[in-house]
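These notes are about the structure you will find just below.
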Amino acid sequence: MDDTEVVSAVLSALADRVGQDRFELWFGRQVRLALGDSTLLVTAPSRFFQDWLRANFRKDLEIVCEQLLGRPVVVEFRLDESLARSPSPQSVEPLTAPALVRQRPPAPALAVARSPVASLNGREAPDHAESSSSGSLSRFATLETLVVGSCNRIAHASGLMVAERPGCMNPLFVHGPTGVGKTHLLQGIAVAAKRENRDLVAICVTAEQFTTQFLAGLR
C-alpha cells in the first residue's frame, strides 16, 4: 500500500479501537495525518485539539500503527491553525478515510452518556442508577457510603455544605490521584442535593462528555 492507503487503514483501525463517535469528533474534521519512514505526523487546527489528541490518542495511534506496519512508529503532533479555516471535512482528503467521514445529526443538548462510578477501591459501582434526561446518578455513590479519613475529611465536609446549600461554594474544585473517591464524592453531592430539593437538576458528566456536547452545540 502507498502512504495514503496506510493512513486510511490507520484511521479505520483507530475508529474501531476508540469508537466511531469519539473518532468522528476528534479526527473527522480538520485533522490531518501524514506517514513518514518511522513517524506518523498528526496536524491539528488548534492548540486545544493538539494537546487533547496528544494526551488521549497517542497510545492508540502507536498501537494501531504497529499492528498495521509491524514496527514501532513515533507519533508526533503539530499545530497548523490554517486548518481551522478549511471549508469542509473534504478538505483533508485523502488523509481521512472517506468511508468514515459522514454527516451526523447533532446530539440533543441534554443527552448524557452514563459513566461508571469509581469507588475507593477502583472498582465500578453496581449498575443501579436513577436516570433522568440530564444524566445518571448512582444510588450507591452517596456521601454516607464514602469512607472518610484524615486525607479527605475537608473534601467530605465541603461536599456536605454544597449539597445542603447549593451555591455556597462555587465552584468547588476536588483533586487527587486515581482511585481515592473523587467521582464517588461528586456523585454523592449530586444525590444528596437532589434528596434535599426534588426540583433540582443535577448533571454528572466526564470532561470528555462535556466537551463532546459543547462542540456538538457549537456545530
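Residues are named by chain letter and number: chains run A, B, ... in the order of the C-alpha cells, numbers start at 1 in each chain, and ligands are numbered from 1 in the order shown.
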I'd like the contact shell of range 41-46 of chain A - 10 Å cut-off, only C-alpha atoms, skipping same-chain residues fewer than 4 positions apart - returned as a VMD selection string.
chain A and resid 26 to 27 29 to 36 50 to 54 58 61 74 to 86
Restricted to C-alpha atoms, what would the selected residues look like written as a JSON list (two decimals), in the first residue's frame?
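So again15.json came out as:
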[["chain", "number", "residue", "atom", "x", "y", "z"],
["A", 26, "TRP", "CA", -11.69, 14.34, 17.12],
["A", 27, "PHE", "CA", -10.46, 13.07, 13.73],
["A", 29, "ARG", "CA", -12.80, 17.34, 10.91],
["A", 30, "GLN", "CA", -9.74, 19.45, 10.22],
["A", 31, "VAL", "CA", -7.14, 16.97, 11.49],
["A", 32, "ARG", "CA", -4.54, 15.66, 9.06],
["A", 33, "LEU", "CA", -2.32, 12.61, 9.28],
["A", 34, "ALA", "CA", 0.86, 12.03, 7.27],
["A", 35, "LEU", "CA", 3.14, 8.99, 7.37],
["A", 36, "GLY", "CA", 6.93, 9.13, 7.16],
["A", 50, "GLN", "CA", -3.27, 19.29, 19.63],
["A", 51, "ASP", "CA", -3.00, 18.88, 23.40],
["A", 52, "TRP", "CA", -6.15, 16.74, 23.61],
["A", 53, "LEU", "CA", -5.04, 14.39, 20.82],
["A", 54, "ARG", "CA", -1.58, 14.04, 22.34],
["A", 58, "ARG", "CA", -1.11, 8.97, 21.25],
["A", 61, "LEU", "CA", -2.24, 5.63, 17.38],
["A", 74, "VAL", "CA", 6.77, 7.56, 16.59],
["A", 75, "VAL", "CA", 3.62, 9.72, 16.75],
["A", 76, "GLU", "CA", 4.32, 13.46, 16.57],
["A", 77, "PHE", "CA", 1.83, 16.32, 16.85],
["A", 78, "ARG", "CA", 1.96, 19.65, 15.06],
["A", 79, "LEU", "CA", -0.18, 22.78, 15.08],
["A", 80, "ASP", "CA", -1.46, 24.33, 11.85],
["A", 81, "GLU", "CA", -4.09, 26.98, 12.56],
["A", 82, "SER", "CA", -4.88, 27.33, 8.85],
["A", 83, "LEU", "CA", -6.74, 24.01, 9.11],
["A", 84, "ALA", "CA", -9.36, 25.74, 11.25],
["A", 85, "ARG", "CA", -10.30, 27.81, 8.19],
["A", 86, "SER", "CA", -10.82, 24.76, 5.99]]
Tell me, as a PyMOL selection string, which residues lie within 12 Å of range 166-169 of chain A, counting only C-alpha atoms; anything in the same chain fewer than 2 positions away does not count.
chain A and resi 155+157-164+171-174+189-190+192-194+196-197+200-202
Output file for the residues above (N, CA, C and O atoms, as a short mmCIF file (atom, residue, chain, number, x, y, z; two decimals), in the first residue's frame):
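Output (again21.cif):
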data_model
loop_
_atom_site.label_atom_id
_atom_site.label_comp_id
_atom_site.auth_asym_id
_atom_site.auth_seq_id
_atom_site.Cartn_x
_atom_site.Cartn_y
_atom_site.Cartn_z
N ALA A 155 -12.61 17.58 52.16
CA ALA A 155 -13.37 17.42 50.93
C ALA A 155 -14.78 16.92 51.23
O ALA A 155 -15.76 17.40 50.65
N ALA A 157 -16.50 17.30 54.08
CA ALA A 157 -17.26 18.37 54.74
C ALA A 157 -17.70 19.43 53.73
O ALA A 157 -18.82 19.95 53.80
N SER A 158 -16.82 19.73 52.78
CA SER A 158 -17.18 20.70 51.74
C SER A 158 -18.33 20.16 50.89
O SER A 158 -19.24 20.91 50.52
N GLY A 159 -18.29 18.87 50.60
CA GLY A 159 -19.36 18.25 49.83
C GLY A 159 -20.70 18.33 50.54
O GLY A 159 -21.73 18.59 49.91
N LEU A 160 -20.69 18.11 51.85
CA LEU A 160 -21.92 18.23 52.63
C LEU A 160 -22.49 19.64 52.56
O LEU A 160 -23.71 19.83 52.40
N MET A 161 -21.62 20.63 52.67
CA MET A 161 -22.07 22.02 52.60
C MET A 161 -22.69 22.35 51.25
O MET A 161 -23.74 22.98 51.16
N VAL A 162 -22.06 21.87 50.17
CA VAL A 162 -22.57 22.15 48.83
C VAL A 162 -23.92 21.47 48.62
O VAL A 162 -24.83 22.04 48.03
N ALA A 163 -24.04 20.23 49.14
CA ALA A 163 -25.30 19.50 48.97
C ALA A 163 -26.44 20.17 49.74
O ALA A 163 -27.57 20.24 49.26
N GLU A 164 -26.13 20.68 50.94
CA GLU A 164 -27.17 21.30 51.77
C GLU A 164 -27.49 22.72 51.31
O GLU A 164 -28.65 23.15 51.39
N PRO A 171 -16.94 27.78 42.27
CA PRO A 171 -17.03 26.32 42.19
C PRO A 171 -16.33 25.64 43.34
O PRO A 171 -15.49 26.24 44.01
N LEU A 172 -16.68 24.38 43.56
CA LEU A 172 -15.92 23.50 44.47
C LEU A 172 -15.03 22.64 43.59
O LEU A 172 -15.51 21.90 42.74
N PHE A 173 -13.73 22.74 43.77
CA PHE A 173 -12.77 22.00 42.95
C PHE A 173 -12.16 20.88 43.79
O PHE A 173 -11.60 21.13 44.85
N VAL A 174 -12.31 19.64 43.32
CA VAL A 174 -11.82 18.46 44.03
C VAL A 174 -10.69 17.84 43.22
O VAL A 174 -10.85 17.62 42.01
N ILE A 189 -22.52 14.23 46.21
CA ILE A 189 -23.04 15.60 46.34
C ILE A 189 -24.32 15.76 45.53
O ILE A 189 -25.31 16.31 46.00
N ALA A 190 -24.30 15.27 44.30
CA ALA A 190 -25.47 15.40 43.43
C ALA A 190 -26.67 14.64 43.98
O ALA A 190 -27.81 15.14 43.99
N ALA A 192 -27.23 13.81 47.14
CA ALA A 192 -27.70 14.47 48.36
C ALA A 192 -28.45 15.76 48.03
O ALA A 192 -29.46 16.09 48.66
N ALA A 193 -27.96 16.50 47.04
CA ALA A 193 -28.62 17.76 46.66
C ALA A 193 -30.01 17.49 46.11
O ALA A 193 -30.97 18.21 46.43
N LYS A 194 -30.15 16.44 45.30
CA LYS A 194 -31.47 16.10 44.77
C LYS A 194 -32.40 15.60 45.88
O LYS A 194 -33.62 15.80 45.82
N GLU A 196 -32.36 16.72 48.91
CA GLU A 196 -32.79 17.91 49.64
C GLU A 196 -33.83 18.71 48.84
O GLU A 196 -34.72 19.33 49.42
N ASN A 197 -33.68 18.71 47.53
CA ASN A 197 -34.57 19.50 46.67
C ASN A 197 -34.91 18.69 45.44
O ASN A 197 -34.11 18.56 44.52
N LEU A 200 -34.43 20.09 41.93
CA LEU A 200 -33.09 20.45 41.49
C LEU A 200 -32.63 19.52 40.37
O LEU A 200 -32.84 18.31 40.43
N VAL A 201 -32.01 20.08 39.35
CA VAL A 201 -31.43 19.30 38.27
C VAL A 201 -29.93 19.13 38.53
O VAL A 201 -29.22 20.13 38.70
N ALA A 202 -29.47 17.90 38.62
CA ALA A 202 -28.05 17.63 38.88
C ALA A 202 -27.50 16.82 37.71
O ALA A 202 -28.08 15.80 37.32
#
Any idea what's packed within 10 Å of Asn152 in chain A, counting only C-alpha atoms, ignoring anything in its chain fewer than 2 positions away? Could you give it as a list of chain:residue names?
A:Leu146, A:Val147, A:Val148, A:Gly149, A:Ser150, A:Ile154, A:Ala155, A:His156, A:Ala157, A:Ser158, A:Gly176, A:Val180, A:Gly181, A:Lys182, A:Leu185
Skipping near chain neighbours, those fewer than 4 positions away, what residues fall within 12 Å of Gln67 in chain A using only C-alpha atoms, listed as a list in words?
Val6, Ala9, Val10, Ala13, Leu14, Arg17, Asp60, Leu61, Glu62, Ile63, Arg71, Pro72 and Val73 of chain A
Any chance you could export the current selection's all heavy atoms as a CSV table (one decimal), in the first residue's frame?
chain,number,residue,atom,x,y,z
A,6,VAL,N,-2.2,3.6,3.7
A,6,VAL,CA,-1.8,3.2,5.0
A,6,VAL,C,-2.5,4.1,6.0
A,6,VAL,O,-3.0,3.7,7.1
A,6,VAL,CB,-0.2,3.2,5.2
A,6,VAL,CG1,0.1,3.0,6.7
A,6,VAL,CG2,0.4,2.2,4.4
A,9,ALA,N,-6.0,3.2,6.4
A,9,ALA,CA,-6.1,2.0,7.2
A,9,ALA,C,-5.9,2.3,8.7
A,9,ALA,O,-6.6,1.7,9.6
A,9,ALA,CB,-5.1,0.9,6.7
A,10,VAL,N,-5.0,3.2,9.0
A,10,VAL,CA,-4.7,3.6,10.4
A,10,VAL,C,-6.0,4.3,11.0
A,10,VAL,O,-6.4,4.0,12.1
A,10,VAL,CB,-3.5,4.6,10.5
A,10,VAL,CG1,-3.5,5.2,11.8
A,10,VAL,CG2,-2.2,3.8,10.2
A,13,ALA,N,-8.7,1.6,11.6
A,13,ALA,CA,-8.4,0.8,12.8
A,13,ALA,C,-8.6,1.6,14.0
A,13,ALA,O,-9.0,1.1,15.1
A,13,ALA,CB,-7.0,0.3,12.7
A,14,LEU,N,-8.2,2.9,14.0
A,14,LEU,CA,-8.4,3.8,15.1
A,14,LEU,C,-9.9,3.9,15.5
A,14,LEU,O,-10.2,3.9,16.7
A,14,LEU,CB,-7.7,5.1,14.9
A,14,LEU,CG,-7.8,6.1,16.0
A,14,LEU,CD1,-7.0,5.7,17.2
A,14,LEU,CD2,-7.3,7.5,15.6
A,17,ARG,N,-11.0,1.0,17.3
A,17,ARG,CA,-10.4,0.9,18.6
A,17,ARG,C,-11.1,1.9,19.6
A,17,ARG,O,-11.4,1.5,20.8
A,17,ARG,CB,-8.9,1.1,18.5
A,17,ARG,CG,-8.2,1.0,19.9
A,17,ARG,CD,-6.7,1.2,19.8
A,17,ARG,NE,-6.1,1.1,21.0
A,17,ARG,CZ,-5.7,0.0,21.7
A,17,ARG,NH1,-6.0,-1.1,21.1
A,17,ARG,NH2,-5.1,0.1,22.9
A,60,ASP,N,-3.1,5.0,21.4
A,60,ASP,CA,-3.9,4.3,20.5
A,60,ASP,C,-3.4,4.3,19.1
A,60,ASP,O,-3.4,3.3,18.4
A,60,ASP,CB,-5.4,4.8,20.5
A,60,ASP,CG,-6.1,4.6,21.8
A,60,ASP,OD1,-6.1,3.5,22.3
A,60,ASP,OD2,-6.7,5.6,22.3
A,61,LEU,N,-2.9,5.5,18.7
A,61,LEU,CA,-2.2,5.6,17.4
A,61,LEU,C,-1.0,4.8,17.3
A,61,LEU,O,-0.7,4.1,16.2
A,61,LEU,CB,-1.9,7.1,17.1
A,61,LEU,CG,-3.1,8.0,16.8
A,61,LEU,CD1,-2.7,9.5,16.9
A,61,LEU,CD2,-3.6,7.7,15.4
A,62,GLU,N,-0.2,4.8,18.3
A,62,GLU,CA,1.0,3.9,18.3
A,62,GLU,C,0.7,2.5,18.2
A,62,GLU,O,1.3,1.7,17.4
A,62,GLU,CB,1.8,4.2,19.6
A,62,GLU,CG,2.5,5.5,19.7
A,62,GLU,CD,3.2,5.8,21.0
A,62,GLU,OE1,2.9,5.0,22.0
A,62,GLU,OE2,4.0,6.7,21.1
A,63,ILE,N,-0.4,2.0,18.8
A,63,ILE,CA,-0.7,0.6,18.8
A,63,ILE,C,-1.2,0.2,17.4
A,63,ILE,O,-0.8,-0.8,16.9
A,63,ILE,CB,-1.8,0.3,19.9
A,63,ILE,CG1,-1.2,0.4,21.3
A,63,ILE,CG2,-2.4,-1.1,19.7
A,63,ILE,CD1,-2.2,0.3,22.4
A,71,ARG,N,5.9,-2.6,12.9
A,71,ARG,CA,7.1,-2.0,13.5
A,71,ARG,C,6.6,-0.8,14.3
A,71,ARG,O,5.6,-0.2,14.0
A,71,ARG,CB,8.1,-1.5,12.4
A,71,ARG,CG,7.5,-0.7,11.3
A,71,ARG,CD,8.5,-0.3,10.3
A,71,ARG,NE,7.9,0.3,9.1
A,71,ARG,CZ,7.5,1.6,9.0
A,71,ARG,NH1,7.7,2.4,10.0
A,71,ARG,NH2,7.0,2.0,7.8
A,72,PRO,N,7.4,-0.4,15.3
A,72,PRO,CA,7.0,0.8,16.1
A,72,PRO,C,7.1,2.1,15.2
A,72,PRO,O,7.9,2.2,14.4
A,72,PRO,CB,8.1,0.9,17.2
A,72,PRO,CG,8.7,-0.5,17.2
A,72,PRO,CD,8.6,-1.0,15.8
A,73,VAL,N,6.1,3.0,15.5
A,73,VAL,CA,6.1,4.3,14.8
A,73,VAL,C,6.0,5.4,15.9
A,73,VAL,O,5.2,5.3,16.8
A,73,VAL,CB,4.8,4.3,13.9
A,73,VAL,CG1,4.7,5.7,13.4
A,73,VAL,CG2,5.0,3.3,12.8
